[in-house]
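Structure data follow from data06.pdb (PDB, C-alpha atoms):
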MODEL        1
ATOM      1  CA  MET A  53      15.878 101.772  63.525
ATOM      2  CA  SER A  54      15.054 100.897  59.910
ATOM      3  CA  SER A  55      15.680 104.542  58.900
ATOM      4  CA  VAL A  56      19.282 104.339  60.120
ATOM      5  CA  PRO A  57      21.699 104.110  57.139
ATOM      6  CA  ASP A  58      23.186 100.691  56.400
ATOM      7  CA  GLN A  59      26.728 101.895  57.102
ATOM      8  CA  ALA A  60      25.803 102.953  60.640
ATOM      9  CA  LEU A  61      23.954  99.691  61.240
ATOM     10  CA  ALA A  62      26.948  97.714  59.972
ATOM     11  CA  ILE A  63      29.276  99.583  62.348
ATOM     12  CA  ARG A  64      26.964  98.855  65.264
ATOM     13  CA  ALA A  65      26.624  95.211  64.261
ATOM     14  CA  SER A  66      30.421  94.899  64.048
ATOM     15  CA  ARG A  67      30.510  95.933  67.735
ATOM     16  CA  GLY A  68      28.187  93.067  68.623
ATOM     17  CA  ASP A  69      24.853  94.910  68.399
ATOM     18  CA  VAL A  70      22.487  92.116  67.337
ATOM     19  CA  GLU A  71      19.524  94.482  67.060
ATOM     20  CA  ALA A  72      21.364  96.477  64.370
ATOM     21  CA  PHE A  73      22.169  93.203  62.597
ATOM     22  CA  ARG A  74      18.512  92.161  62.788
ATOM     23  CA  VAL A  75      17.503  95.392  61.021
ATOM     24  CA  LEU A  76      20.092  94.752  58.289
ATOM     25  CA  VAL A  77      18.773  91.220  57.808
ATOM     26  CA  GLN A  78      15.186  92.428  57.573
ATOM     27  CA  LYS A  79      16.082  95.206  55.137
ATOM     28  CA  HIS A  80      18.153  93.041  52.806
ATOM     29  CA  SER A  81      16.882  89.477  53.175
ATOM     30  CA  GLY A  82      14.841  89.931  49.972
ATOM     31  CA  LEU A  83      17.947  90.868  47.966
ATOM     32  CA  VAL A  84      19.955  87.905  49.264
ATOM     33  CA  TYR A  85      17.165  85.388  48.729
ATOM     34  CA  ARG A  86      16.302  86.758  45.269
ATOM     35  CA  VAL A  87      19.895  86.495  44.016
ATOM     36  CA  ALA A  88      20.332  83.021  45.546
ATOM     37  CA  LEU A  89      17.058  81.943  43.957
ATOM     38  CA  ARG A  90      18.168  83.087  40.490
ATOM     39  CA  ILE A  91      21.643  81.600  40.722
ATOM     40  CA  LEU A  92      20.840  78.351  42.521
ATOM     41  CA  GLY A  93      17.159  77.633  42.059
ATOM     42  CA  VAL A  94      14.494  77.154  44.668
ATOM     43  CA  GLU A  95      15.945  73.958  46.226
ATOM     44  CA  ASP A  96      19.143  75.576  47.453
ATOM     45  CA  ALA A  97      18.161  79.236  47.829
ATOM     46  CA  GLN A  98      17.033  79.045  51.461
ATOM     47  CA  ASP A  99      20.112  77.211  52.765
ATOM     48  CA  ALA A 100      22.399  79.508  50.798
ATOM     49  CA  SER A 101      20.623  82.612  52.165
ATOM     50  CA  GLN A 102      21.106  81.387  55.717
ATOM     51  CA  GLU A 103      24.767  80.723  54.998
ATOM     52  CA  VAL A 104      25.129  84.253  53.578
ATOM     53  CA  TRP A 105      23.824  85.843  56.784
ATOM     54  CA  ILE A 106      26.091  83.701  58.940
ATOM     55  CA  ARG A 107      29.039  84.891  56.829
ATOM     56  CA  VAL A 108      27.859  88.489  57.067
ATOM     57  CA  TRP A 109      27.705  88.327  60.873
ATOM     58  CA  ARG A 110      31.126  86.645  61.105
ATOM     59  CA  ASN A 111      32.812  89.056  58.713
ATOM     60  CA  ILE A 112      31.024  92.314  59.362
ATOM     61  CA  GLU A 113      34.154  93.733  60.986
ATOM     62  CA  SER A 114      35.895  93.464  57.615
ATOM     63  CA  PHE A 115      33.208  95.545  55.868
ATOM     64  CA  ARG A 116      34.991  98.575  54.436
ATOM     65  CA  ARG A 117      32.942 101.671  54.956
ATOM     66  CA  ASP A 118      34.134 103.309  51.738
ATOM     67  CA  SER A 119      31.921 101.017  49.633
ATOM     68  CA  ALA A 120      28.164 100.526  49.660
ATOM     69  CA  PHE A 121      26.842  97.880  52.053
ATOM     70  CA  SER A 122      24.719  96.429  49.235
ATOM     71  CA  THR A 123      27.804  95.874  47.027
ATOM     72  CA  TRP A 124      29.522  94.033  49.887
ATOM     73  CA  LEU A 125      26.365  91.998  50.478
ATOM     74  CA  TYR A 126      26.048  91.127  46.777
ATOM     75  CA  ARG A 127      29.674  89.927  46.883
ATOM     76  CA  ILE A 128      29.092  87.621  49.853
ATOM     77  CA  THR A 129      25.849  86.342  48.319
ATOM     78  CA  VAL A 130      27.379  85.579  44.922
ATOM     79  CA  ASN A 131      30.492  83.997  46.477
ATOM     80  CA  THR A 132      28.337  81.795  48.685
ATOM     81  CA  CYS A 133      26.196  80.723  45.733
ATOM     82  CA  LEU A 134      29.247  80.013  43.578
ATOM     83  CA  SER A 135      30.851  77.959  46.337
ATOM     84  CA  VAL A 136      27.660  75.879  46.581
ATOM     85  CA  ARG A 137      27.811  75.293  42.827
ATOM     86  CA  ARG A 138      31.547  74.473  42.837
ATOM     87  CA  LYS A 139      30.830  71.559  45.160
ATOM     88  CA  GLU A 140      28.773  70.037  42.398
ATOM     89  CA  SER A 141      29.997  68.890  39.039
ATOM     90  CA  ARG A 142      29.499  71.215  36.115
ATOM     91  CA  ARG A 143      26.090  69.996  35.206
ATOM     92  CA  GLY A 144      24.063  70.290  32.096
ATOM     93  CA  GLU A 145      25.799  73.202  30.400
ATOM     94  CA  ARG A 146      24.415  73.440  26.932
ATOM     95  CA  GLU A 147      26.906  73.158  24.090
ATOM     96  CA  TYR A 148      26.490  75.363  21.065
ATOM     97  CA  SER A 149      27.084  73.396  17.900
ATOM     98  CA  GLY A 150      26.999  76.539  15.769
ATOM     99  CA  ASP A 151      24.838  74.847  13.174
ATOM    100  CA  GLU A 152      21.786  76.987  13.674
ATOM    101  CA  MET A 153      20.886  80.159  15.496
ATOM    102  CA  PRO A 154      18.779  79.901  18.661
ATOM    103  CA  PHE A 155      15.386  81.571  18.231
ATOM    104  CA  LEU A 156      12.537  82.139  20.636
ATOM    105  CA  PRO A 157       9.038  81.725  19.196
ATOM    106  CA  GLU A 158       7.004  84.887  18.899
ATOM    107  CA  PRO A 159       4.215  85.112  21.501
ATOM    108  CA  PRO A 160       0.758  84.301  20.005
ATOM    109  CA  GLY A 161      -0.482  87.883  20.221
ATOM    110  CA  GLY A 162       2.857  89.405  19.117
ATOM    111  CA  ASP A 163       5.298  91.320  21.298
ATOM    112  CA  ALA A 164       2.784  94.083  21.935
ATOM    113  CA  ASP A 165       0.324  91.720  23.605
ATOM    114  CA  PRO A 166       0.515  92.517  27.340
ATOM    115  CA  GLU A 167      -1.000  89.171  28.276
ATOM    116  CA  ALA A 168       1.721  87.369  26.369
ATOM    117  CA  ALA A 169       4.363  89.632  27.869
ATOM    118  CA  ALA A 170       3.296  88.817  31.433
ATOM    119  CA  LEU A 171       5.227  85.930  32.881
ATOM    120  CA  GLY A 172       3.153  82.893  33.630
ATOM    121  CA  THR A 173       4.266  80.180  36.031
ATOM    122  CA  GLU A 174       5.363  77.992  33.151
ATOM    123  CA  ARG A 175       7.453  80.781  31.617
ATOM    124  CA  ARG A 176       9.097  81.477  34.976
ATOM    125  CA  GLU A 177      10.001  77.823  35.322
ATOM    126  CA  GLU A 178      11.423  77.796  31.804
ATOM    127  CA  ILE A 179      13.605  80.806  32.550
ATOM    128  CA  GLN A 180      14.813  79.260  35.809
ATOM    129  CA  ALA A 181      15.508  75.949  34.064
ATOM    130  CA  ALA A 182      17.389  77.703  31.258
ATOM    131  CA  LEU A 183      19.445  79.680  33.803
ATOM    132  CA  SER A 184      20.567  76.441  35.417
ATOM    133  CA  HIS A 185      22.217  75.447  32.122
ATOM    134  CA  VAL A 186      24.429  78.527  32.036
ATOM    135  CA  ARG A 187      27.902  78.244  33.590
ATOM    136  CA  ALA A 188      27.749  79.464  37.198
ATOM    137  CA  GLU A 189      30.052  82.520  36.867
ATOM    138  CA  HIS A 190      28.345  83.628  33.658
ATOM    139  CA  ARG A 191      24.941  83.072  35.253
ATOM    140  CA  ALA A 192      25.893  85.204  38.238
ATOM    141  CA  ALA A 193      27.068  88.000  35.927
ATOM    142  CA  LEU A 194      23.895  87.714  33.830
ATOM    143  CA  VAL A 195      21.648  87.843  36.905
ATOM    144  CA  LEU A 196      23.460  90.884  38.286
ATOM    145  CA  ARG A 197      23.254  92.713  34.966
ATOM    146  CA  HIS A 198      19.844  91.879  33.556
ATOM    147  CA  MET A 199      17.833  90.996  36.643
ATOM    148  CA  GLU A 200      19.423  93.161  39.332
ATOM    149  CA  GLY A 201      20.279  96.034  36.976
ATOM    150  CA  LEU A 202      23.865  96.549  38.176
ATOM    151  CA  SER A 203      26.394  98.478  36.094
ATOM    152  CA  TYR A 204      29.484  96.705  34.760
ATOM    153  CA  ALA A 205      31.652  98.572  37.279
ATOM    154  CA  GLU A 206      29.442  97.263  40.103
ATOM    155  CA  ILE A 207      29.436  93.723  38.688
ATOM    156  CA  ALA A 208      33.237  93.811  38.444
ATOM    157  CA  LYS A 209      33.428  94.857  42.114
ATOM    158  CA  VAL A 210      30.998  92.167  43.228
ATOM    159  CA  LEU A 211      32.707  89.411  41.252
ATOM    160  CA  GLU A 212      36.186  90.801  41.987
ATOM    161  CA  VAL A 213      37.242  90.676  38.344
ATOM    162  CA  PRO A 214      38.312  93.365  35.840
ATOM    163  CA  ASP A 215      35.530  95.282  34.052
ATOM    164  CA  GLY A 216      36.350  93.539  30.755
ATOM    165  CA  THR A 217      35.930  90.105  32.320
ATOM    166  CA  ALA A 218      32.582  91.124  33.800
ATOM    167  CA  LYS A 219      31.439  92.275  30.342
ATOM    168  CA  GLY A 220      32.651  89.042  28.747
ATOM    169  CA  TRP A 221      30.864  86.908  31.336
ATOM    170  CA  VAL A 222      27.590  88.787  30.851
ATOM    171  CA  SER A 223      27.888  88.485  27.088
ATOM    172  CA  ARG A 224      28.621  84.734  27.225
ATOM    173  CA  GLY A 225      25.900  84.219  29.804
ATOM    174  CA  ARG A 226      23.392  86.031  27.592
ATOM    175  CA  ALA A 227      24.229  83.860  24.571
ATOM    176  CA  ALA A 228      24.209  80.629  26.599
ATOM    177  CA  MET A 229      20.907  81.631  28.171
ATOM    178  CA  LEU A 230      19.298  82.210  24.771
ATOM    179  CA  ILE A 231      20.498  78.809  23.546
ATOM    180  CA  ALA A 232      19.138  77.098  26.663
ATOM    181  CA  LEU A 233      15.846  78.986  26.506
ATOM    182  CA  ALA A 234      15.393  78.178  22.807
ATOM    183  CA  GLU A 235      15.981  74.506  23.608
ATOM    184  CA  GLU A 236      13.470  74.676  26.451
ATOM    185  CA  ASP A 237      10.961  76.146  23.993
ATOM    186  CA  HIS A 238      11.650  73.524  21.347
ATOM    187  CA  GLY A 239      11.308  70.849  24.017
ATOM    188  CA  HIS A 240       7.881  72.183  24.937
ATOM    189  CA  GLU A 241       6.864  72.474  21.300
ATOM    190  CA  ALA A 242       7.921  68.872  20.749
ATOM    191  CA  GLY A 243       5.874  67.917  23.798
ATOM    192  CA  GLY A 244       8.768  66.639  25.862
ATOM    193  CA  PRO A 245      11.596  67.829  28.052
ATOM    194  CA  ALA A 246      14.481  69.582  26.302
ATOM    195  CA  ARG A 247      17.733  67.638  26.389
TER     196      ARG A 247
ATOM    197  CA  MET B  11      42.144  82.223  11.492
ATOM    198  CA  MET B  12      38.805  81.883  13.181
ATOM    199  CA  HIS B  13      36.863  78.639  13.003
ATOM    200  CA  ALA B  14      33.342  78.935  11.491
ATOM    201  CA  GLY B  15      31.784  77.861  14.804
ATOM    202  CA  GLU B  16      33.741  80.536  16.657
ATOM    203  CA  GLN B  17      32.621  83.148  14.148
ATOM    204  CA  ARG B  18      29.007  82.192  14.658
ATOM    205  CA  TRP B  19      29.458  82.312  18.421
ATOM    206  CA  GLU B  20      31.047  85.749  18.156
ATOM    207  CA  MET B  21      28.147  86.942  16.042
ATOM    208  CA  LEU B  22      25.743  85.433  18.570
ATOM    209  CA  GLU B  23      27.380  87.429  21.360
ATOM    210  CA  ARG B  24      27.630  90.590  19.303
ATOM    211  CA  ILE B  25      23.941  90.583  18.403
ATOM    212  CA  GLY B  26      23.218  89.993  22.095
ATOM    213  CA  SER B  27      25.221  93.089  22.985
ATOM    214  CA  TYR B  28      23.402  94.992  20.239
ATOM    215  CA  ALA B  29      20.004  93.912  21.589
ATOM    216  CA  ALA B  30      21.086  94.996  25.069
ATOM    217  CA  GLY B  31      22.140  98.405  23.691
ATOM    218  CA  GLU B  32      25.702  97.961  24.841
ATOM    219  CA  LEU B  33      27.637  98.503  21.622
ATOM    220  CA  GLY B  34      29.446 101.697  20.693
ATOM    221  CA  ASP B  35      27.886 103.774  17.891
ATOM    222  CA  GLU B  36      30.107 102.509  15.092
ATOM    223  CA  VAL B  37      29.843  98.799  15.891
ATOM    224  CA  ALA B  38      26.129  99.144  16.628
ATOM    225  CA  LEU B  39      25.618 100.597  13.148
ATOM    226  CA  GLU B  40      27.543  97.709  11.575
ATOM    227  CA  VAL B  41      25.465  95.139  13.438
ATOM    228  CA  GLU B  42      22.271  97.021  12.615
ATOM    229  CA  HIS B  43      23.028  96.683   8.896
ATOM    230  CA  LEU B  44      23.491  92.935   9.331
ATOM    231  CA  VAL B  45      20.291  92.653  11.358
ATOM    232  CA  PHE B  46      18.308  94.372   8.598
ATOM    233  CA  GLU B  47      20.053  92.586   5.754
ATOM    234  CA  ARG B  48      19.912  89.034   7.062
ATOM    235  CA  PRO B  49      16.580  87.721   8.330
ATOM    236  CA  GLU B  50      18.184  85.137  10.635
ATOM    237  CA  TYR B  51      20.142  87.875  12.416
ATOM    238  CA  GLY B  52      16.997  89.964  12.638
ATOM    239  CA  ARG B  53      15.174  87.054  14.225
ATOM    240  CA  LEU B  54      18.072  86.493  16.575
ATOM    241  CA  ALA B  55      18.024  90.144  17.693
ATOM    242  CA  GLU B  56      14.256  89.874  18.316
ATOM    243  CA  SER B  57      14.779  86.685  20.332
ATOM    244  CA  TYR B  58      17.396  88.409  22.470
ATOM    245  CA  ALA B  59      15.133  91.407  22.996
ATOM    246  CA  ARG B  60      12.313  89.102  24.073
ATOM    247  CA  MET B  61      14.592  87.238  26.461
ATOM    248  CA  LEU B  62      15.930  90.456  28.009
ATOM    249  CA  VAL B  63      12.373  91.700  28.586
ATOM    250  CA  MET B  64      11.549  88.414  30.339
ATOM    251  CA  LEU B  65      14.666  88.547  32.493
ATOM    252  CA  SER B  66      13.986  92.121  33.469
ATOM    253  CA  ALA B  67      10.307  91.343  34.234
ATOM    254  CA  LEU B  68      11.339  88.421  36.416
ATOM    255  CA  GLY B  69      14.014  90.536  38.080
ATOM    256  CA  ASN B  70      11.433  93.205  38.926
ATOM    257  CA  GLU B  71       9.031  90.793  40.561
ATOM    258  CA  PRO B  72       9.083  91.189  44.342
ATOM    259  CA  VAL B  73      10.645  88.241  46.136
ATOM    260  CA  GLU B  74      10.395  87.848  49.866
ATOM    261  CA  ALA B  75      12.760  85.673  51.822
ATOM    262  CA  PRO B  76      11.069  82.952  53.858
ATOM    263  CA  GLU B  77      10.583  84.046  57.471
ATOM    264  CA  ALA B  78      12.747  81.103  58.535
ATOM    265  CA  VAL B  79      15.805  82.724  56.906
ATOM    266  CA  VAL B  80      15.445  85.932  58.910
ATOM    267  CA  GLY B  81      14.641  84.078  62.141
ATOM    268  CA  TYR B  82      17.554  81.670  61.766
ATOM    269  CA  ALA B  83      20.088  84.419  61.001
ATOM    270  CA  VAL B  84      19.033  86.551  63.970
ATOM    271  CA  ARG B  85      18.956  83.571  66.366
ATOM    272  CA  ARG B  86      22.467  82.563  65.291
ATOM    273  CA  ALA B  87      23.688  86.126  65.822
ATOM    274  CA  TYR B  88      22.175  86.263  69.336
ATOM    275  CA  VAL B  89      23.792  82.936  70.265
ATOM    276  CA  SER B  90      27.124  84.034  68.803
ATOM    277  CA  ALA B  91      27.001  87.400  70.629
ATOM    278  CA  PHE B  92      26.120  85.623  73.896
ATOM    279  CA  MET B  93      29.031  83.198  73.434
ATOM    280  CA  ARG B  94      31.420  86.067  72.761
ATOM    281  CA  ARG B  95      30.324  87.839  75.952
ATOM    282  CA  ALA B  96      30.444  84.597  77.923
ATOM    283  CA  GLU B  97      33.972  83.991  76.634
ATOM    284  CA  VAL B  98      35.067  87.455  77.770
ATOM    285  CA  PHE B  99      33.352  86.996  81.160
ATOM    286  CA  VAL B 100      34.813  83.529  81.797
ATOM    287  CA  GLY B 101      38.226  84.742  80.657
ATOM    288  CA  ALA B 102      38.114  87.688  83.062
ATOM    289  CA  LEU B 103      36.841  85.482  85.899
ATOM    290  CA  GLY B 104      39.619  82.954  85.300
ATOM    291  CA  ARG B 105      42.245  85.673  85.309
ATOM    292  CA  SER B 106      40.865  87.049  88.597
ATOM    293  CA  TYR B 107      41.060  83.590  90.208
ATOM    294  CA  ILE B 108      44.641  83.131  89.049
ATOM    295  CA  ASP B 109      45.596  86.607  90.301
ATOM    296  CA  ALA B 110      43.998  85.842  93.700
ATOM    297  CA  PHE B 111      45.752  82.483  93.889
ATOM    298  CA  VAL B 112      49.112  84.063  93.057
ATOM    299  CA  TYR B 113      48.526  86.821  95.631
ATOM    300  CA  TYR B 114      47.487  84.534  98.510
ATOM    301  CA  SER B 115      50.241  82.034  97.766
ATOM    302  CA  GLY B 116      52.783  84.842  98.001
ATOM    303  CA  LEU B 117      54.177  83.934  94.606
ATOM    304  CA  ARG B 118      54.521  87.518  93.520
ATOM    305  CA  ARG B 119      55.955  90.471  95.383
ATOM    306  CA  GLU B 120      53.906  93.605  95.219
ATOM    307  CA  SER B 121      55.689  96.219  93.197
ATOM    308  CA  TYR B 122      55.012  99.897  93.775
ATOM    309  CA  GLY B 123      56.831 101.056  90.718
ATOM    310  CA  GLY B 124      59.682 102.306  92.848
ATOM    311  CA  GLY B 125      62.388 100.337  91.099
ATOM    312  CA  THR B 126      63.996  97.064  92.066
TER     313      THR B 126
ENDMDL
END
Please go through the file and, once you have read it, give me the structure as structure tokens.
Amino acid sequence: MSSVPDQALAIRASRGDVEAFRVLVQKHSGLVYRVALRILGVEDAQDASQEVWIRVWRNIESFRRDSAFSTWLYRITVNTCLSVRRKESRRGEREYSGDEMPFLPEPPGGDADPEAAALGTERREEIQAALSHVRAEHRAALVLRHMEGLSYAEIAKVLEVPDGTAKGWVSRGRAAMLIALAEEDHGHEAGGPAR
Amino acid sequence: MMHAGEQRWEMLERIGSYAAGELGDEVALEVEHLVFERPEYGRLAESYARMLVMLSALGNEPVEAPEAVVGYAVRRAYVSAFMRRAEVFVGALGRSYIDAFVYYSGLRRESYGGGT
């Protein structure tokens, strides 16, 4: 049944066909978990993913067949992740003093060095830590644009905001991410955690 | 009038858009001049480029959801579907009992659609 298009599976699932729903979950569980992981971090990604699928099953009758299933799924995933974050206080957003520009150190072998370009565990952790310091809505927009490769029109649909707002959120997220990442790097260079 | 901090933030965002290749031709050219003229902007553009490569590399790495997520979602759906069917069944059964009770108690006259 995995070759059946998502739209047809969604229609069947909306009529109570659990087998069709199971195929949808298996096909798209990677997408949901990946986005939750980037927006929330590893501690909350699993619970949020489970919550997403419960919401999908409950609301599958409201899925409008004129849009792609993946866009609808991205929307539920991002909304679920943002609602998890809203329950918490706005934590650790980095302020930009404007005194100096945030720079990332050049990798030891230069940008052309494939070994330096490959992401080590430490680098991955730094990126994830830096992401957590970006405001949740901006982080979601940044993840959708630069990690999921969505167009601005798609991001606007997922986040249910005008195209201009989506662009603004990505742009702010990108700047905030660079500031946070530069601080992470300086923290490592100084031999301690960045704060 | 724009505060100096706001100007720097705007420049920070603009160079980010330049590094991401999202500026229109005219603005991109303007920013390009600045990037070549001022070393700190050049370094900033390089930092952005490096960060975008890292984000994209991380985004392209395959991520599999834990098996527990899939199992939990499907189990919940089966239970929910069973409950829905059970609700329909019990509802229909209840209605049948009430109809039978009404019929045997003679509380309702049979109507044959032939008027009053």
Practice problem: Tell me which of A:Gln180, A:Gln98, A:Thr173, A:Gln59 sits closest to Leu125 in chain A, counting all atoms listed in the file. | Solution: A:Gln59
Exercise. Give me, please, the distance in Å between CA of Ala234 in chain A and CA of Gly220 in chain A, quoted to one decimal.
Key: 21.2 Å
Quiz item: So, counting all atoms listed in the file, which residue among B:Asp109, B:Glu47, B:Asp35, B:Glu20 is closest to chain A?
Solution: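 Checking each candidate against chain A, we get B:Glu20 as the closest.
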Please, which residues in chain B fall within 10 Å of chain A when counting only C-alpha atoms, and what is the closest atom pair and distance in Å to one decimal for each, ordered by chain then residue number, as a Markdown table?
| residue | atom | partner | partner_atom | distance |
| --- | --- | --- | --- | --- |
| B:Ala14 | CA | A:Gly150 | CA | 8.0 |
| B:Gly15 | CA | A:Gly150 | CA | 5.1 |
| B:Glu16 | CA | A:Gly150 | CA | 7.9 |
| B:Gln17 | CA | A:Gly150 | CA | 8.8 |
| B:Arg18 | CA | A:Gly150 | CA | 6.1 |
| B:Trp19 | CA | A:Gly150 | CA | 6.8 |
| B:Glu20 | CA | A:Arg224 | CA | 9.4 |
| B:Met21 | CA | A:Ala227 | CA | 9.9 |
| B:Leu22 | CA | A:Ala227 | CA | 6.4 |
| B:Glu23 | CA | A:Ala227 | CA | 5.7 |
| B:Arg24 | CA | A:Ser223 | CA | 8.1 |
| B:Ile25 | CA | A:Ala227 | CA | 9.1 |
| B:Gly26 | CA | A:Ala227 | CA | 6.7 |
| B:Ser27 | CA | A:Ser223 | CA | 6.7 |
| B:Ala30 | CA | A:His198 | CA | 9.1 |
| B:Glu32 | CA | A:Lys219 | CA | 9.8 |
| B:Glu50 | CA | A:Met153 | CA | 7.5 |
| B:Tyr51 | CA | A:Met153 | CA | 8.3 |
| B:Arg53 | CA | A:Phe155 | CA | 6.8 |
| B:Leu54 | CA | A:Phe155 | CA | 5.8 |
| B:Ala55 | CA | A:Phe155 | CA | 9.0 |
| B:Glu56 | CA | A:Leu156 | CA | 8.3 |
| B:Ser57 | CA | A:Leu156 | CA | 5.1 |
| B:Tyr58 | CA | A:Leu230 | CA | 6.9 |
| B:Ala59 | CA | A:Leu156 | CA | 9.9 |
| B:Arg60 | CA | A:Leu156 | CA | 7.8 |
| B:Met61 | CA | A:Leu230 | CA | 7.1 |
| B:Leu62 | CA | A:His198 | CA | 6.9 |
| B:Val63 | CA | A:Ala169 | CA | 8.3 |
| B:Met64 | CA | A:Leu171 | CA | 7.3 |
| B:Leu65 | CA | A:Met199 | CA | 5.8 |
| B:Ser66 | CA | A:Met199 | CA | 5.1 |
| B:Ala67 | CA | A:Leu171 | CA | 7.5 |
| B:Leu68 | CA | A:Met199 | CA | 7.0 |
| B:Gly69 | CA | A:Met199 | CA | 4.1 |
| B:Asn70 | CA | A:Met199 | CA | 7.1 |
| B:Glu71 | CA | A:Arg86 | CA | 9.6 |
| B:Pro72 | CA | A:Gly82 | CA | 8.2 |
| B:Val73 | CA | A:Arg86 | CA | 5.9 |
| B:Glu74 | CA | A:Gly82 | CA | 4.9 |
| B:Ala75 | CA | A:Gly82 | CA | 5.1 |
| B:Pro76 | CA | A:Gln98 | CA | 7.5 |
| B:Glu77 | CA | A:Ser81 | CA | 9.4 |
| B:Ala78 | CA | A:Gln98 | CA | 8.5 |
| B:Val79 | CA | A:Gln102 | CA | 5.6 |
| B:Val80 | CA | A:Val77 | CA | 6.3 |
| B:Gly81 | CA | A:Arg74 | CA | 9.0 |
| B:Tyr82 | CA | A:Gln102 | CA | 7.0 |
| B:Ala83 | CA | A:Trp105 | CA | 5.8 |
| B:Val84 | CA | A:Arg74 | CA | 5.8 |
| B:Arg85 | CA | A:Val70 | CA | 9.3 |
| B:Arg86 | CA | A:Ile106 | CA | 7.4 |
| B:Ala87 | CA | A:Val70 | CA | 6.3 |
| B:Tyr88 | CA | A:Val70 | CA | 6.2 |
| B:Val89 | CA | A:Val70 | CA | 9.7 |
| B:Ser90 | CA | A:Trp109 | CA | 9.0 |
| B:Ala91 | CA | A:Gly68 | CA | 6.1 |
| B:Phe92 | CA | A:Gly68 | CA | 9.4 |
| B:Arg94 | CA | A:Gly68 | CA | 8.8 |
| B:Arg95 | CA | A:Gly68 | CA | 9.3 |
Practice problem: For CA of Arg187 in chain A and CA of Gly172 in chain A, determine how far apart the two atoms are, in Å to one decimal place. | Solution: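 These atoms are spaced 25.2 Å apart.
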Using all atoms of range 54-68 of chain B listed in the file and a margin of 8 Å per side, can you give the axis-aligned box centre and edge lengths in Å to one decimal, as lines of an AutoDock Vina configuration file?
center_x = 14.2
center_y = 89.3
center_z = 26.5
size_x = 23.8
size_y = 21.6
size_z = 35.8
Quiz prompt | Separation of CA of Ser122 in chain A from CA of Met93 in chain B, in Å and rounded to one decimal | solution =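 Those two atoms sit 27.9 Å apart.
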What would the selection look like, as a tab-separated table (two decimals) with C-alpha atoms, in the frame of the given file, if the PyMOL selection byres ((chain A and resi 58) around 10) were run on the coordinates I just shared?
chain	number	residue	atom	x	y	z
A	54	SER	CA	15.05	100.90	59.91
A	55	SER	CA	15.68	104.54	58.90
A	56	VAL	CA	19.28	104.34	60.12
A	57	PRO	CA	21.70	104.11	57.14
A	59	GLN	CA	26.73	101.90	57.10
A	60	ALA	CA	25.80	102.95	60.64
A	61	LEU	CA	23.95	99.69	61.24
A	62	ALA	CA	26.95	97.71	59.97
A	63	ILE	CA	29.28	99.58	62.35
A	64	ARG	CA	26.96	98.86	65.26
A	72	ALA	CA	21.36	96.48	64.37
A	73	PHE	CA	22.17	93.20	62.60
A	75	VAL	CA	17.50	95.39	61.02
A	76	LEU	CA	20.09	94.75	58.29
A	79	LYS	CA	16.08	95.21	55.14
A	80	HIS	CA	18.15	93.04	52.81
A	117	ARG	CA	32.94	101.67	54.96
A	120	ALA	CA	28.16	100.53	49.66
A	121	PHE	CA	26.84	97.88	52.05
A	122	SER	CA	24.72	96.43	49.24
Assuming the input is short of atoms at range 206-216 of chain A, produce N, CA and C atoms for that part as an mmCIF file, in the frame of the given file.
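Wrote part-v9.cif, looks like this:
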data_model
loop_
_atom_site.group_PDB
_atom_site.id
_atom_site.type_symbol
_atom_site.label_atom_id
_atom_site.label_comp_id
_atom_site.auth_asym_id
_atom_site.auth_seq_id
_atom_site.Cartn_x
_atom_site.Cartn_y
_atom_site.Cartn_z
ATOM 1 N N GLU A 206 29.937 97.909 38.868
ATOM 2 C CA GLU A 206 29.442 97.263 40.103
ATOM 3 C C GLU A 206 29.616 95.739 40.027
ATOM 4 N N ILE A 207 29.301 95.182 38.855
ATOM 5 C CA ILE A 207 29.436 93.723 38.688
ATOM 6 C C ILE A 207 30.897 93.314 38.875
ATOM 7 N N ALA A 208 31.801 94.111 38.310
ATOM 8 C CA ALA A 208 33.237 93.811 38.444
ATOM 9 C C ALA A 208 33.649 93.822 39.920
ATOM 10 N N LYS A 209 33.108 94.783 40.680
ATOM 11 C CA LYS A 209 33.428 94.857 42.114
ATOM 12 C C LYS A 209 32.879 93.645 42.864
ATOM 13 N N VAL A 210 31.643 93.295 42.542
ATOM 14 C CA VAL A 210 30.998 92.167 43.228
ATOM 15 C C VAL A 210 31.736 90.867 42.921
ATOM 16 N N LEU A 211 32.067 90.669 41.650
ATOM 17 C CA LEU A 211 32.707 89.411 41.252
ATOM 18 C C LEU A 211 34.224 89.444 41.425
ATOM 19 N N GLU A 212 34.742 90.612 41.785
ATOM 20 C CA GLU A 212 36.186 90.801 41.987
ATOM 21 C C GLU A 212 36.986 90.392 40.746
ATOM 22 N N VAL A 213 36.544 90.912 39.613
ATOM 23 C CA VAL A 213 37.242 90.676 38.344
ATOM 24 C C VAL A 213 37.353 92.026 37.621
ATOM 25 N N PRO A 214 38.247 92.116 36.612
ATOM 26 C CA PRO A 214 38.312 93.365 35.840
ATOM 27 C C PRO A 214 37.001 93.627 35.091
ATOM 28 N N ASP A 215 36.764 94.902 34.763
ATOM 29 C CA ASP A 215 35.530 95.282 34.052
ATOM 30 C C ASP A 215 35.331 94.463 32.771
ATOM 31 N N GLY A 216 36.432 94.266 32.027
ATOM 32 C CA GLY A 216 36.350 93.539 30.755
ATOM 33 C C GLY A 216 35.878 92.106 30.949
#
